[in-house]
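What's in input_0.txt: compact mmCIF, C-alpha atoms
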# COMPACT_ATOMS: atom_id res chain seq x y z
CA MET F 1 -96.69 -10.77 -39.75
CA LYS F 2 -94.77 -13.87 -40.59
CA ALA F 3 -91.76 -11.79 -41.61
CA TYR F 4 -91.93 -9.89 -38.32
CA LYS F 5 -91.80 -13.14 -36.27
CA SER F 6 -88.86 -14.40 -38.32
CA SER F 7 -86.99 -11.14 -37.66
CA ASN F 8 -87.52 -11.43 -33.89
CA LYS F 9 -86.38 -15.02 -33.96
CA ASN F 10 -83.14 -14.09 -35.71
CA ARG F 11 -82.58 -11.22 -33.29
CA ARG F 12 -82.94 -13.56 -30.30
CA LYS F 13 -80.61 -16.06 -31.92
CA PHE F 14 -77.96 -13.36 -32.51
CA ILE F 15 -78.22 -12.17 -28.89
CA ILE F 16 -77.83 -15.73 -27.59
CA ILE F 17 -74.75 -16.30 -29.78
CA PHE F 18 -73.24 -12.97 -28.73
CA ILE F 19 -73.77 -13.73 -25.06
CA GLY F 20 -72.23 -17.18 -25.59
CA ILE F 21 -69.17 -15.68 -27.19
CA ILE F 22 -68.72 -13.30 -24.25
CA LEU F 23 -69.12 -16.16 -21.78
CA LEU F 24 -66.57 -18.26 -23.69
CA PHE F 25 -64.15 -15.30 -23.64
CA PHE F 26 -64.34 -14.92 -19.86
CA ILE F 27 -64.17 -18.66 -19.30
CA SER F 28 -61.08 -18.83 -21.53
CA ARG F 29 -59.44 -15.94 -19.66
CA ALA F 30 -60.16 -17.66 -16.34
CA ILE F 31 -58.74 -20.97 -17.55
CA THR F 32 -55.68 -19.26 -19.08
CA GLY F 33 -55.07 -17.32 -15.86
CA ARG F 34 -54.98 -20.56 -13.95
CA LEU F 35 -52.62 -22.22 -16.45
CA TYR F 36 -50.09 -19.38 -16.71
CA LYS F 37 -48.58 -19.15 -13.24
CA ASN F 38 -46.85 -15.97 -12.24
CA TYR F 39 -43.92 -17.08 -10.03
CA LYS F 40 -42.08 -14.82 -7.63
CA THR F 41 -38.66 -14.23 -9.17
CA VAL F 42 -35.39 -12.38 -8.61
CA PHE F 43 -32.45 -11.38 -10.79
CA PRO F 44 -28.89 -12.50 -9.89
CA THR F 45 -26.71 -9.96 -8.07
CA TYR F 46 -23.36 -9.30 -9.73
CA THR F 47 -20.68 -9.22 -7.05
CA ASN F 48 -17.09 -10.12 -6.16
CA TYR F 49 -16.07 -13.14 -4.12
CA ILE F 50 -12.85 -12.80 -2.12
CA ARG F 51 -11.39 -15.50 0.10
CA THR F 52 -8.54 -14.42 2.37
CA LYS F 53 -6.34 -15.66 5.20
CA ASN F 54 -4.87 -13.50 7.96
CA ILE F 55 -1.06 -13.51 8.05
CA LYS F 56 1.89 -11.49 9.36
CA GLY F 57 4.55 -9.94 7.15
CA ILE F 58 8.04 -8.82 8.22
CA ASN F 59 9.72 -6.03 6.22
CA ILE F 60 13.22 -6.61 4.83
CA PHE F 61 14.80 -3.37 3.61
CA ASP F 62 18.00 -2.16 2.02
CA GLU F 63 18.75 0.25 4.87
CA LYS F 64 21.67 1.75 6.79
CA ILE F 65 21.78 3.23 10.29
CA TYR F 66 23.97 6.29 10.86
CA TYR F 67 25.55 6.59 14.33
CA ALA F 68 26.87 9.57 16.30
CA GLU F 69 30.63 9.88 15.87
CA GLY F 70 30.82 12.12 18.89
CA SER F 71 28.74 13.48 21.77
CA GLY F 72 26.86 16.75 21.31
CA ILE F 73 23.74 18.42 20.00
CA SER F 74 22.12 16.86 16.92
CA LEU F 75 20.56 18.99 14.21
CA PHE F 76 18.40 17.45 11.45
CA ASN F 77 17.69 18.87 8.00
CA ALA F 78 15.19 16.15 6.99
CA SER F 79 11.87 14.98 8.43
CA GLU F 80 10.45 11.48 8.89
CA GLY F 81 9.70 9.83 5.55
CA GLN F 82 11.38 12.55 3.47
CA LYS F 83 12.97 11.47 0.18
CA VAL F 84 16.49 12.92 -0.14
CA PRO F 85 18.95 12.89 -3.06
CA VAL F 86 22.56 11.74 -3.03
CA GLY F 87 24.81 14.19 -1.15
CA PHE F 88 22.00 15.81 0.85
CA GLU F 89 23.12 16.88 4.34
CA ILE F 90 20.68 14.96 6.54
CA ALA F 91 22.08 15.82 9.97
CA SER F 92 24.98 17.34 11.89
CA ILE F 93 26.30 17.14 15.42
CA ASN F 94 27.67 20.16 17.26
CA LEU F 95 30.27 18.63 19.56
CA MET F 96 30.02 21.63 21.91
CA ASN F 97 33.79 22.01 22.02
CA ASP F 98 35.09 25.28 23.42
CA THR F 99 36.67 26.83 20.33
CA SER F 100 36.58 30.42 21.57
CA GLY F 101 40.41 30.55 21.99
CA LEU F 102 40.91 29.19 18.48
CA LYS F 103 38.46 31.74 17.10
CA ASP F 104 40.29 34.60 18.88
CA ASP F 105 43.58 33.42 17.37
CA LEU F 106 42.00 33.25 13.91
CA ILE F 107 40.56 36.76 14.28
CA ARG F 108 44.04 38.08 15.07
CA VAL F 109 45.57 36.19 12.10
CA ASN F 110 42.92 37.67 9.76
CA ALA F 111 43.55 41.14 11.18
CA ALA F 112 47.30 40.76 10.61
CA LEU F 113 46.71 39.65 7.01
CA ASN F 114 44.40 42.61 6.43
CA TYR F 115 46.97 45.00 7.94
CA LYS F 116 49.73 43.66 5.74
CA ASN F 117 47.48 44.04 2.68
CA GLN F 118 46.13 47.39 3.92
CA ASP F 119 42.64 45.93 3.21
CA PHE F 120 40.53 47.63 5.87
CA THR F 121 37.31 47.21 3.91
CA LYS F 122 37.52 43.40 3.96
CA GLU F 123 35.71 43.19 7.27
CA THR F 124 32.64 45.02 5.99
CA VAL F 125 32.54 43.14 2.68
CA THR F 126 33.04 39.76 4.33
CA ASN F 127 30.36 40.36 6.94
CA LYS F 128 27.86 41.34 4.24
CA LEU F 129 28.64 38.16 2.32
CA SER F 130 28.39 36.03 5.47
CA ILE F 131 25.01 37.53 6.40
CA LYS F 132 23.67 36.76 2.92
CA ASN F 133 25.05 33.21 3.12
CA LEU F 134 23.49 32.79 6.54
CA GLN F 135 20.09 33.90 5.24
CA ASP F 136 20.36 31.44 2.35
CA ASP F 137 21.37 28.62 4.71
CA ILE F 138 18.39 29.23 6.98
CA LYS F 139 16.08 29.41 3.96
CA ASN F 140 17.42 26.07 2.69
CA ASN F 141 17.33 24.42 6.16
CA ASN F 142 21.10 23.90 6.00
CA LEU F 143 21.71 24.29 9.72
CA SER F 144 25.25 22.98 9.66
CA LYS F 145 26.30 25.53 7.05
CA ALA F 146 24.51 28.28 8.99
CA ILE F 147 26.61 27.53 12.06
CA ALA F 148 29.77 27.69 9.95
CA ASP F 149 28.73 31.09 8.54
CA ILE F 150 28.07 32.44 12.03
CA ASN F 151 31.56 31.34 13.02
CA GLU F 152 32.97 33.00 9.92
CA MET F 153 31.25 36.28 10.80
CA ASP F 154 32.85 36.13 14.26
CA ILE F 155 36.25 35.25 12.82
CA TYR F 156 36.37 38.19 10.42
CA SER F 157 35.34 40.75 13.02
CA THR F 158 38.31 43.03 13.96
CA LYS F 159 36.55 45.70 15.92
CA SER F 160 38.26 44.76 19.23
CA ILE F 161 41.74 44.21 17.77
CA SER F 162 44.43 46.82 18.48
CA ILE F 163 47.76 47.08 16.68
CA SER F 164 49.60 46.14 19.85
CA GLU F 165 47.95 42.69 19.75
CA LEU F 166 49.30 42.10 16.26
CA THR F 167 52.97 42.91 16.98
CA GLU F 168 54.11 39.31 17.11
CA LEU F 169 51.97 38.18 14.13
CA LEU F 170 53.22 40.98 11.92
CA ASN F 171 56.68 39.46 12.15
CA TYR F 172 55.40 36.42 10.16
CA SER F 173 55.33 36.31 6.40
CA GLU F 174 52.04 36.33 4.55
CA ASP F 175 52.49 32.65 3.59
CA ALA F 176 53.06 31.73 7.23
CA LEU F 177 49.93 33.62 8.27
CA LEU F 178 47.87 31.89 5.58
CA ALA F 179 49.12 28.48 6.74
CA ARG F 180 48.23 29.34 10.34
CA LYS F 181 44.80 30.53 9.22
CA LYS F 182 44.12 27.22 7.43
CA GLU F 183 45.24 25.22 10.47
CA LEU F 184 42.99 27.19 12.86
CA ALA F 185 40.01 26.98 10.49
CA GLU F 186 40.33 23.17 10.27
CA GLN F 187 40.53 22.85 14.06
CA ILE F 188 37.36 24.96 14.45
CA SER F 189 35.47 23.09 11.75
CA ASN F 190 36.14 19.80 13.55
CA SER F 191 33.69 20.90 16.24
CA ASN F 192 30.84 19.91 13.88
CA ILE F 193 30.21 16.52 12.25
CA SER F 194 27.98 16.42 9.17
CA TYR F 195 26.11 13.40 7.74
CA TYR F 196 25.35 13.23 4.02
CA ALA F 197 23.15 10.82 2.03
CA GLU F 198 25.34 8.19 0.37
CA ASN F 199 22.47 7.34 -1.95
CA SER F 200 18.94 8.59 -2.59
CA GLY F 201 16.33 7.19 -0.25
CA ILE F 202 13.88 7.76 2.58
CA VAL F 203 15.06 9.22 5.89
CA SER F 204 13.57 7.54 8.95
CA PHE F 205 14.08 7.96 12.68
CA LEU F 206 12.00 4.83 13.44
CA ILE F 207 14.90 2.59 14.41
CA ASP F 208 13.60 -0.70 15.91
CA ASN F 209 16.96 -2.46 16.42
CA LEU F 210 15.91 -5.25 14.06
CA GLU F 211 17.76 -3.71 11.12
CA LYS F 212 20.67 -6.15 11.42
CA LYS F 213 18.32 -9.10 11.88
CA TYR F 214 16.47 -8.40 8.62
CA ASN F 215 18.75 -7.43 5.75
CA LEU F 216 19.46 -8.48 2.17
CA GLU F 217 22.63 -10.44 2.88
CA ASP F 218 21.24 -13.97 3.14
CA PHE F 219 17.63 -15.02 2.51
CA ASP F 220 18.39 -18.62 3.52
CA LYS F 221 18.60 -17.65 7.19
CA TYR F 222 14.93 -16.64 7.27
CA THR F 223 13.47 -19.89 8.57
CA TYR F 224 10.23 -20.28 10.49
CA ASP F 225 12.11 -20.57 13.78
CA TYR F 226 14.38 -17.58 12.99
CA ILE F 227 11.37 -15.35 12.32
CA ASN F 228 9.65 -16.34 15.57
CA GLU F 229 12.84 -15.69 17.54
CA ASN F 230 13.29 -12.19 16.10
CA LEU F 231 9.95 -10.45 16.42
CA ASN F 232 10.63 -8.21 19.42
CA ALA F 233 11.32 -4.67 18.28
CA LYS F 234 13.08 -2.21 20.61
CA PRO F 235 12.19 1.26 19.34
CA ASN F 236 14.85 3.94 19.62
CA ASP F 237 13.99 7.45 20.83
CA THR F 238 15.22 10.41 18.80
CA LYS F 239 17.25 12.73 21.02
CA THR F 240 18.52 16.27 20.70
CA LYS F 241 21.55 15.59 22.86
CA VAL F 242 23.32 12.43 21.73
CA GLU F 243 26.22 10.37 22.99
CA ILE F 244 28.90 8.82 20.85
CA ASN F 245 27.80 5.59 19.02
CA GLU F 246 24.10 6.28 19.56
CA PRO F 247 21.90 5.81 16.44
CA LEU F 248 20.84 9.05 14.77
CA PHE F 249 18.70 8.01 11.77
CA LYS F 250 18.56 5.50 8.93
CA LEU F 251 18.39 5.81 5.17
CA ILE F 252 16.16 3.30 3.33
CA ASN F 253 15.97 2.38 -0.35
CA ASN F 254 12.28 2.89 -1.12
CA LEU F 255 12.36 1.64 -4.72
CA ASN F 256 12.16 -2.06 -3.84
CA TYR F 257 11.96 -4.19 -0.73
CA TYR F 258 10.96 -7.64 0.54
CA ILE F 259 8.40 -9.12 2.93
CA ALA F 260 8.90 -12.40 4.80
CA ILE F 261 5.68 -14.37 5.45
CA PRO F 262 5.86 -17.21 8.00
CA THR F 263 3.25 -19.98 7.70
CA LYS F 264 2.86 -23.37 9.33
CA ASP F 265 1.29 -25.03 6.31
CA LEU F 266 1.69 -24.01 2.68
CA LYS F 267 -1.51 -25.87 1.76
CA SER F 268 -3.53 -23.51 3.97
CA ILE F 269 -2.56 -20.63 1.69
CA GLY F 270 -3.04 -22.40 -1.63
CA SER F 271 0.34 -24.17 -1.98
CA PRO F 272 2.15 -21.25 -3.68
CA GLU F 273 5.35 -21.75 -5.67
CA GLU F 274 8.38 -19.61 -6.48
CA GLY F 275 7.70 -17.23 -9.36
CA GLN F 276 4.02 -16.82 -8.53
CA TYR F 277 2.48 -13.53 -7.39
CA LEU F 278 0.62 -13.00 -4.13
CA THR F 279 -1.76 -10.16 -3.27
CA LEU F 280 -1.87 -8.73 0.26
CA ASN F 281 -4.38 -6.31 1.75
CA SER F 282 -2.76 -4.48 4.65
CA ASN F 283 -4.40 -3.26 7.84
CA VAL F 284 -3.65 0.34 6.75
CA GLY F 285 -5.55 0.11 3.47
CA ALA F 286 -2.69 -0.67 1.08
CA LYS F 287 -3.03 -3.38 -1.57
CA LEU F 288 0.31 -5.02 -2.29
CA THR F 289 1.27 -7.42 -5.07
CA GLY F 290 4.59 -9.23 -4.76
CA LYS F 291 6.50 -11.96 -6.55
CA ILE F 292 7.64 -15.04 -4.63
CA VAL F 293 11.44 -15.17 -4.95
CA LYS F 294 12.13 -17.83 -2.31
CA ILE F 295 10.36 -20.35 -0.07
CA ASN F 296 12.31 -21.66 2.93
CA THR F 297 10.91 -24.95 4.21
CA SER F 298 11.81 -26.50 7.58
CA LYS F 299 10.28 -29.08 9.88
CA ASN F 300 8.46 -26.48 11.99
CA GLY F 301 7.09 -24.31 9.20
CA ASN F 302 7.75 -22.28 6.09
CA VAL F 303 8.75 -18.73 5.15
CA ILE F 304 7.78 -17.09 1.87
CA ILE F 305 9.93 -14.19 0.63
CA LEU F 306 8.10 -11.68 -1.56
CA TYR F 307 9.70 -9.02 -3.77
CA LEU F 308 7.78 -5.72 -4.05
CA ASN F 309 8.35 -2.33 -5.65
CA SER F 310 5.31 -0.23 -4.65
CA GLN F 311 3.33 0.99 -1.62
CA PHE F 312 6.53 1.38 0.41
CA ASP F 313 5.32 4.55 2.14
CA LYS F 314 2.21 2.74 3.45
CA ILE F 315 3.99 -0.05 5.31
CA TYR F 316 7.59 0.95 6.11
CA LYS F 317 6.93 2.51 9.53
CA ASN F 318 6.23 -0.85 11.21
CA ARG F 319 8.63 -3.78 10.86
CA ILE F 320 5.74 -6.22 11.31
CA ASN F 321 2.33 -5.68 9.68
CA ASN F 322 -0.92 -7.62 9.63
CA TYR F 323 -2.21 -8.61 6.19
CA SER F 324 -5.07 -10.46 4.53
CA LEU F 325 -3.58 -12.81 1.95
CA VAL F 326 -5.96 -13.03 -1.02
CA LEU F 327 -6.44 -16.72 -1.90
CA ARG F 328 -9.29 -16.27 -4.37
CA ASP F 329 -10.72 -13.20 -6.06
CA GLU F 330 -13.31 -13.53 -8.83
CA LYS F 331 -16.45 -11.96 -10.21
CA CYS F 332 -19.59 -14.01 -9.60
CA PHE F 333 -23.35 -13.95 -8.96
CA GLU F 334 -25.12 -14.07 -5.61
CA ILE F 335 -28.52 -15.82 -5.54
CA PRO F 336 -30.90 -16.88 -2.71
CA ASN F 337 -30.46 -20.42 -1.40
CA SER F 338 -34.23 -20.98 -1.67
CA ALA F 339 -33.93 -20.82 -5.48
CA ILE F 340 -31.40 -23.67 -5.73
CA ILE F 341 -32.60 -27.20 -6.51
CA LYS F 342 -30.96 -30.47 -7.51
CA ARG F 343 -32.11 -32.12 -10.73
CA ASP F 344 -30.46 -35.05 -12.49
CA ASN F 345 -27.46 -34.82 -10.10
CA LEU F 346 -26.95 -31.18 -11.06
CA PHE F 347 -27.50 -28.14 -8.88
CA GLY F 348 -29.36 -25.40 -10.67
CA VAL F 349 -32.26 -22.96 -10.73
CA TYR F 350 -35.50 -22.49 -12.68
CA VAL F 351 -35.52 -19.48 -14.95
CA GLN F 352 -38.95 -18.16 -15.93
CA GLU F 353 -39.84 -18.18 -19.63
CA ILE F 354 -43.11 -17.10 -21.37
CA HIS F 355 -46.64 -18.29 -20.47
CA GLY F 356 -45.63 -19.49 -16.98
CA LEU F 357 -43.12 -22.01 -18.27
CA VAL F 358 -39.60 -22.38 -16.82
CA ARG F 359 -36.23 -23.70 -17.88
CA PHE F 360 -33.70 -25.54 -15.66
CA ILE F 361 -30.26 -23.88 -15.73
CA PRO F 362 -27.24 -25.60 -14.05
CA ILE F 363 -25.06 -23.60 -11.65
CA LYS F 364 -21.70 -24.07 -9.93
CA VAL F 365 -21.67 -22.99 -6.28
CA ILE F 366 -18.48 -21.19 -5.26
CA ARG F 367 -19.31 -20.48 -1.64
CA PRO F 368 -22.57 -21.18 0.24
CA LEU F 369 -23.63 -18.58 2.83
CA GLU F 370 -26.40 -18.60 5.41
CA ASN F 371 -29.21 -17.29 3.19
CA SER F 372 -27.54 -17.06 -0.21
CA SER F 373 -24.72 -18.51 -2.27
CA TYR F 374 -21.98 -17.24 -4.54
CA VAL F 375 -22.19 -19.02 -7.90
CA SER F 376 -19.92 -18.95 -10.92
CA LYS F 377 -20.81 -16.59 -13.76
CA GLY F 378 -18.96 -18.86 -16.18
CA ASP F 379 -16.74 -17.72 -19.02
CA LYS F 380 -17.43 -14.74 -21.29
CA ASN F 381 -20.19 -16.77 -22.96
CA SER F 382 -21.71 -17.90 -19.60
CA TYR F 383 -20.49 -21.51 -19.87
CA ILE F 384 -19.40 -23.53 -16.83
CA ARG F 385 -17.69 -26.92 -16.60
CA ILE F 386 -18.97 -29.66 -14.29
CA ASP F 387 -17.50 -33.20 -14.29
CA ASN F 388 -15.78 -32.61 -17.65
CA LYS F 389 -19.05 -31.45 -19.25
CA THR F 390 -19.90 -27.94 -20.39
CA TYR F 391 -23.21 -26.26 -19.50
CA ARG F 392 -24.77 -22.88 -20.14
CA THR F 393 -25.32 -21.17 -16.78
CA ILE F 394 -27.34 -18.16 -15.62
CA SER F 395 -26.83 -14.58 -16.80
CA ILE F 396 -27.49 -11.22 -15.17
CA ASN F 397 -30.82 -10.92 -17.07
CA ASP F 398 -32.32 -14.26 -16.03
CA SER F 399 -35.44 -14.14 -13.88
CA ILE F 400 -34.85 -16.85 -11.25
CA VAL F 401 -37.81 -18.59 -9.59
CA LEU F 402 -37.60 -18.23 -5.80
CA THR F 403 -39.95 -21.18 -5.03
CA PRO F 404 -38.88 -24.01 -7.37
CA LYS F 405 -40.92 -26.60 -5.40
CA GLN F 406 -44.10 -24.97 -6.71
CA VAL F 407 -43.08 -25.70 -10.30
CA ASP F 408 -44.77 -28.71 -11.85
CA GLU F 409 -42.61 -30.94 -14.04
CA SER F 410 -44.98 -30.35 -16.95
CA GLU F 411 -44.09 -26.65 -16.80
CA VAL F 412 -40.36 -27.29 -17.32
CA LEU F 413 -39.21 -26.87 -20.90
CA ASN F 414 -36.11 -29.08 -20.62
Turn this file's structure into structure tokens for me.
Amino acid sequence: MKAYKSSNKNRRKFIIIFIGIILLFFISRAITGRLYKNYKTVFPTYTNYIRTKNIKGINIFDEKIYYAEGSGISLFNASEGQKVPVGFEIASINLMNDTSGLKDDLIRVNAALNYKNQDFTKETVTNKLSIKNLQDDIKNNNLSKAIADINEMDIYSTKSISISELTELLNYSEDALLARKKELAEQISNSNISYYAENSGIVSFLIDNLEKKYNLEDFDKYTYDYINENLNAKPNDTKTKVEINEPLFKLINNLNYYIAIPTKDLKSIGSPEEGQYLTLNSNVGAKLTGKIVKINTSKNGNVIILYLNSQFDKIYKNRINNYSLVLRDEKCFEIPNSAIIKRDNLFGVYVQEIHGLVRFIPIKVIRPLENSSYVSKGDKNSYIRIDNKTYRTISINDSIVLTPKQVDESEVLN
């Protein structure tokens, strides 16, 4: 009986201890839950910060305008923006001269030569050759040559020539007839003027009458006042019927060119110097990078001359283009402004560690925005420099506390 009472007493004691342990466990969990705060956090956003300034740029090309050397009908073998090689026939002008009498004379001279040589098959052979040449000319868009072949087909036709018409010519020697043939052929050929590419380049009909104002002869003349006085383009219309001395087209060297940038204040665009490179984003989507070869400074303003060798096809059609000059372009982080605090004269953020503790990490603000800020990502090891001191800054994997005011100083590890 005594042993039974002792057993019950031990059982009750064990139950009480077990219940106490359970209570201590829940109390500990409750206390721990209150100590380890779970802050609302966010990770930095990796982005790109670009600071730009709107400017105007004026194209300076190595270009030449070709003018009509006579009045007539213009024919073009090249389209706008087409790259042509040296010697390519770009255009021709049919002067519309009445050469029918000269052609009749040449037909009679050819007939007399054929009669003297008893070569009555020459007409057929020549016409077959001329037709083939004409087909090739049309296929190759060589309109000027096609016209010449049509004339040749007419010249060699003897169907309407009778022997009575050749009486006088048959009195001439063969050498005399050949000389007369050459003379008549030259007179007929002068009814067409052809224009060939003197160098390889881009053909353009977009003549703005500023070509002589902006050339490669003298960069010193491009002052701030000169640019502002020469901004009015007067576009030229391409015509089928042209008068003598009217512009036909221009040929532009597309391998390299220059852009003149007028600016009131060099400081407003980062105080650039000769030899530096500038990056321009154009209003047509082209990104240009050019080297500063000259800066002309005057009392009213400055002009920067850039040398470029790419993206010509994107910007050549307009003499004047709008650009965004890139003043700063760097990779950075974007974080909410609510996360930024100032501690020991340093701006920074709290980064959450284990067990509800945080660590203060300094930051360098690049550009504050309305609700967020761009901050430096530091060097490749995430180090930034502030007042000649080096600090480890945030990384892409840091969990940044959004409400730093809720952090108690005792919860900060540093």
Item to check | Which of F:Ile304, F:Cys332, F:Ile73, F:Val351 sits closest to Tyr46 (chain F) [using all atoms listed in the file] | outcome: F:Cys332
Could you name the residues that touch Asn281 (chain F) at 8 Å or less, counting all atoms listed in the file, but leaving out those on the same chain fewer than 4 positions away, as a PDB file with C-alpha atoms, keeping the file's coordinate frame?
ATOM      1  CA  GLY F 285      -5.550   0.110   3.470  1.00  0.00           C
ATOM      2  CA  ALA F 286      -2.690  -0.670   1.080  1.00  0.00           C
ATOM      3  CA  LYS F 287      -3.030  -3.380  -1.570  1.00  0.00           C
ATOM      4  CA  LEU F 288       0.310  -5.020  -2.290  1.00  0.00           C
ATOM      5  CA  TYR F 323      -2.210  -8.610   6.190  1.00  0.00           C
ATOM      6  CA  SER F 324      -5.070 -10.460   4.530  1.00  0.00           C
ATOM      7  CA  LEU F 325      -3.580 -12.810   1.950  1.00  0.00           C
ATOM      8  CA  VAL F 326      -5.960 -13.030  -1.020  1.00  0.00           C
TER       9      VAL F 326
END
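Comparing the minimum interatomic distances between Ser271 (chain F) and each of F:Asp175, F:Tyr115, F:Leu327, F:Glu69, counting only C-alpha atoms, we find that F:Leu327 sits nearest.
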Counting only C-alpha atoms, what are the residues of region 213-327 of chain F within 9 Å of region 76-95 of chain F, and for each of them which pair of atoms is the nearest and at what distance in Å, to one decimal? Sort the table by chain and rising number, as a tab-separated table.
residue	atom	partner	partner_atom	distance
F:Lys241	CA	F:Ile93	CA	9.0
F:Val242	CA	F:Ile93	CA	8.4
F:Leu248	CA	F:Ala91	CA	8.4
F:Phe249	CA	F:Ala91	CA	8.7
F:Asn254	CA	F:Lys83	CA	8.7
F:Asp313	CA	F:Gly81	CA	7.7
F:Lys317	CA	F:Gly81	CA	8.8
Residue selection dump (C-alpha atoms) as a short mmCIF file (atom, residue, chain, number, x, y, z; two decimals), keeping the file's coordinate frame:
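Result file selection16.cif:
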data_model
loop_
_atom_site.label_atom_id
_atom_site.label_comp_id
_atom_site.auth_asym_id
_atom_site.auth_seq_id
_atom_site.Cartn_x
_atom_site.Cartn_y
_atom_site.Cartn_z
CA LYS F 241 21.55 15.59 22.86
CA VAL F 242 23.32 12.43 21.73
CA LEU F 248 20.84 9.05 14.77
CA PHE F 249 18.70 8.01 11.77
CA ASN F 254 12.28 2.89 -1.12
CA ASP F 313 5.32 4.55 2.14
CA LYS F 317 6.93 2.51 9.53
#
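Relative to CA of Val412 (chain F), CA of Lys377 (chain F) is found at 22.6 Å.
Here the question is which of F:Asn59, F:Leu106, F:Thr223, F:Asn236 gets nearest to Glu186 (chain F) using only C-alpha atoms, and that residue is F:Leu106.
Pairwise distance (CA of Ile252 (chain F), CA of Ile202 (chain F)) equals 5.1 Å.
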Next on the checklist: Residues near Ser372 (chain F), anyone? I mean within 6 Å using only C-alpha atoms, not counting same-chain ones fewer than 6 positions away, as JSON, numbers by chain.
Outcome noted: {"F": [335, 336, 337]}
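Minimum atom-to-atom distance to Tyr39 (chain F), evaluated using only C-alpha atoms, belongs to F:Tyr350 out of F:Tyr350, F:Tyr391, F:Tyr222, F:Tyr67.
Minimum distance to Glu370 (chain F) across F:Glu246, F:Asp329, F:Asp398, F:Glu334 (counting only C-alpha atoms) occurs at F:Glu334.
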Item to check | Residue list as a PyMOL selection string for point (11.6, -5.9, 0.7), cut-off 12 Å, all atoms listed in the file | outcome: chain F and resi 57-63+214-216+219+252-261+288-293+304-312+315-316+319
Item to check | Nearby residues, (-37.2, -25.9, -17.5) file frame, 6 Å, only C-alpha atoms, as JSON, numbers by chain | outcome: {"F": [358, 359, 360, 412, 413, 414]}
